[in-house]
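Please read the structure below before turning to the comments.
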Amino acid sequence: MTNPDQPDRVEYRIERAYEVTATPEQVWNAIATADGIAAWMVPTKLDPQIGGEVAFDLGDFTSIGVITDYTPNRRFAYEEPWPQMGDHDFSSVTALATEFLIESASGGSCVLRVVSSSYGRGADWEQEYFDQMAEGWFEMLDNVAAHLRKEREQ
């Protein structure tokens, strides 16, 4: 898909939705607090406000982003640069935008929707890189649903 505002740009996008038996507050604590994120993903530092910093310790490097929305129990969003690996021209891609949306559902459950997207020029390396990143991201996102199930069982 191309960006209507910049037709020479190609969208890279992943989306995942999970129905979890948890309250919006429980989901929020898991996805929008440093301790919550660290429990299912990686050690994280978080300044919980729009414009605040979020830093994910990925072992070999730390990915540092900026929080773009912090609406408790509803929406947590941030932007972070693509990891600078290889000798590619990363100026051709926009920051990776990620948002977590929490929607109440019936029966004491919620739908957690996660979307990550970026725009690039459509180079083969961009698609390959994004696909690899998405594969790891899906694994981590599956962890958040498992974490919420585990929390419920305790």
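To be explicit about the labels: the chains of the structure tokens are called A, B, and onward in the order shown, and within each one the residues are counted from 1, while ligands get numbers from 1 in the order they are shown.
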Residues within 8 Å of stretch 114-121 of chain A, only C-alpha atoms, excluding chain neighbours under 6 positions, as a PDB file with C-alpha atoms, in the first residue's frame:
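The result, stored in out35.pdb:
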```pdb
ATOM      1  CA  ASN A   3       0.915   6.575   1.358  1.00  0.00           C
ATOM      2  CA  ASP A   8       6.365   7.215  -3.750  1.00  0.00           C
ATOM      3  CA  ARG A   9       6.223   5.631  -0.266  1.00  0.00           C
ATOM      4  CA  VAL A  10       5.319   2.001   0.488  1.00  0.00           C
ATOM      5  CA  GLU A  11       3.651   1.060   3.777  1.00  0.00           C
ATOM      6  CA  TYR A  12       5.030  -1.726   5.934  1.00  0.00           C
ATOM      7  CA  ARG A  13       2.418  -2.826   8.457  1.00  0.00           C
ATOM      8  CA  ILE A  14       1.675  -5.584  10.920  1.00  0.00           C
ATOM      9  CA  GLU A  15      -1.456  -5.915  12.998  1.00  0.00           C
ATOM     10  CA  ARG A  16      -2.425  -8.417  15.659  1.00  0.00           C
ATOM     11  CA  ALA A  17      -5.512  -8.659  17.884  1.00  0.00           C
ATOM     12  CA  SER A  92      14.568   6.115   3.212  1.00  0.00           C
ATOM     13  CA  VAL A  93      12.282   4.765   5.981  1.00  0.00           C
ATOM     14  CA  THR A  94      10.104   6.572   8.487  1.00  0.00           C
ATOM     15  CA  ALA A  95      10.167   5.795  12.184  1.00  0.00           C
ATOM     16  CA  LEU A  96       8.383   2.616  13.220  1.00  0.00           C
ATOM     17  CA  ALA A  97       5.059   3.677  14.769  1.00  0.00           C
ATOM     18  CA  THR A  98       3.504   1.212  17.228  1.00  0.00           C
ATOM     19  CA  GLU A  99       0.170   1.517  18.968  1.00  0.00           C
ATOM     20  CA  PHE A 100      -1.605  -0.660  21.496  1.00  0.00           C
ATOM     21  CA  LEU A 101      -5.383  -0.239  21.613  1.00  0.00           C
TER      22      LEU A 101
END
```
Problem set entry | Selection: 12 Å around A:Leu46, only C-alpha atoms, excl. self and same-chain fewer than 4 positions, as a ChimeraX atom specification | /A:31-38,50-57,63-67,70,76,78
How about saving the chosen residues, C-alpha atoms kept, as an mmCIF file, in the first residue's frame?
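Writing the result to result_0.cif gives the following:
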```cif
data_model
loop_
_atom_site.group_PDB
_atom_site.id
_atom_site.type_symbol
_atom_site.label_atom_id
_atom_site.label_comp_id
_atom_site.auth_asym_id
_atom_site.auth_seq_id
_atom_site.Cartn_x
_atom_site.Cartn_y
_atom_site.Cartn_z
ATOM 1 C CA ILE A 31 1.489 -2.974 27.933
ATOM 2 C CA ALA A 32 2.108 0.570 29.196
ATOM 3 C CA THR A 33 4.283 0.292 32.306
ATOM 4 C CA ALA A 34 7.991 -0.513 32.452
ATOM 5 C CA ASP A 35 7.470 -3.464 34.807
ATOM 6 C CA GLY A 36 4.550 -4.766 32.763
ATOM 7 C CA ILE A 37 6.458 -4.666 29.470
ATOM 8 C CA ALA A 38 9.538 -6.226 31.083
ATOM 9 C CA ILE A 50 3.254 12.096 25.705
ATOM 10 C CA GLY A 51 6.727 13.138 24.603
ATOM 11 C CA GLY A 52 8.307 10.837 27.187
ATOM 12 C CA GLU A 53 10.960 8.326 26.311
ATOM 13 C CA VAL A 54 10.538 4.564 26.070
ATOM 14 C CA ALA A 55 13.704 2.459 25.940
ATOM 15 C CA PHE A 56 13.780 -1.270 25.206
ATOM 16 C CA ASP A 57 16.949 -3.164 26.203
ATOM 17 C CA SER A 63 15.886 0.905 21.027
ATOM 18 C CA ILE A 64 14.809 4.359 22.182
ATOM 19 C CA GLY A 65 11.494 5.830 21.141
ATOM 20 C CA VAL A 66 9.171 8.708 21.920
ATOM 21 C CA ILE A 67 5.673 8.235 23.344
ATOM 22 C CA TYR A 70 -0.555 7.742 26.608
ATOM 23 C CA PHE A 76 -0.403 3.549 24.225
ATOM 24 C CA TYR A 78 5.206 5.391 20.410
#
```
For this session: Record the distance separating atom CA of A:Val20 and atom CA of A:Ala77, expressed in Å with one decimal.
Result: 19.7 Å
For this session: Mind the document's chain letters and residue numbers, and return as a PyMOL selection string the residues of chain A that DSSP labels strand (DSSP E).
Result: chain A and resi 2-3+6-20+44-46+53-57+62-71+75-80+96-105+109-120
For this session: For A:Met41, work out the shell of residues within 8 Å, counting only C-alpha atoms and skipping chain neighbours fewer than 5 positions away, then give it as a PyMOL selection string.
Result: chain A and resi 140+143-144
Could you write out the selected residues, including N, CA and C atoms, as a short mmCIF file (atom, residue, chain, number, x, y, z; two decimals), in the first residue's frame?
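Saved to selection-v2.cif:
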```
data_model
loop_
_atom_site.label_atom_id
_atom_site.label_comp_id
_atom_site.auth_asym_id
_atom_site.auth_seq_id
_atom_site.Cartn_x
_atom_site.Cartn_y
_atom_site.Cartn_z
N MET A 140 6.92 -11.85 20.38
CA MET A 140 6.82 -11.07 21.62
C MET A 140 5.37 -10.74 21.95
N ASN A 143 3.58 -13.34 23.59
CA ASN A 143 3.96 -13.39 25.01
C ASN A 143 3.06 -12.52 25.89
N VAL A 144 2.59 -11.38 25.38
CA VAL A 144 1.74 -10.52 26.21
C VAL A 144 0.43 -11.22 26.51
#
```
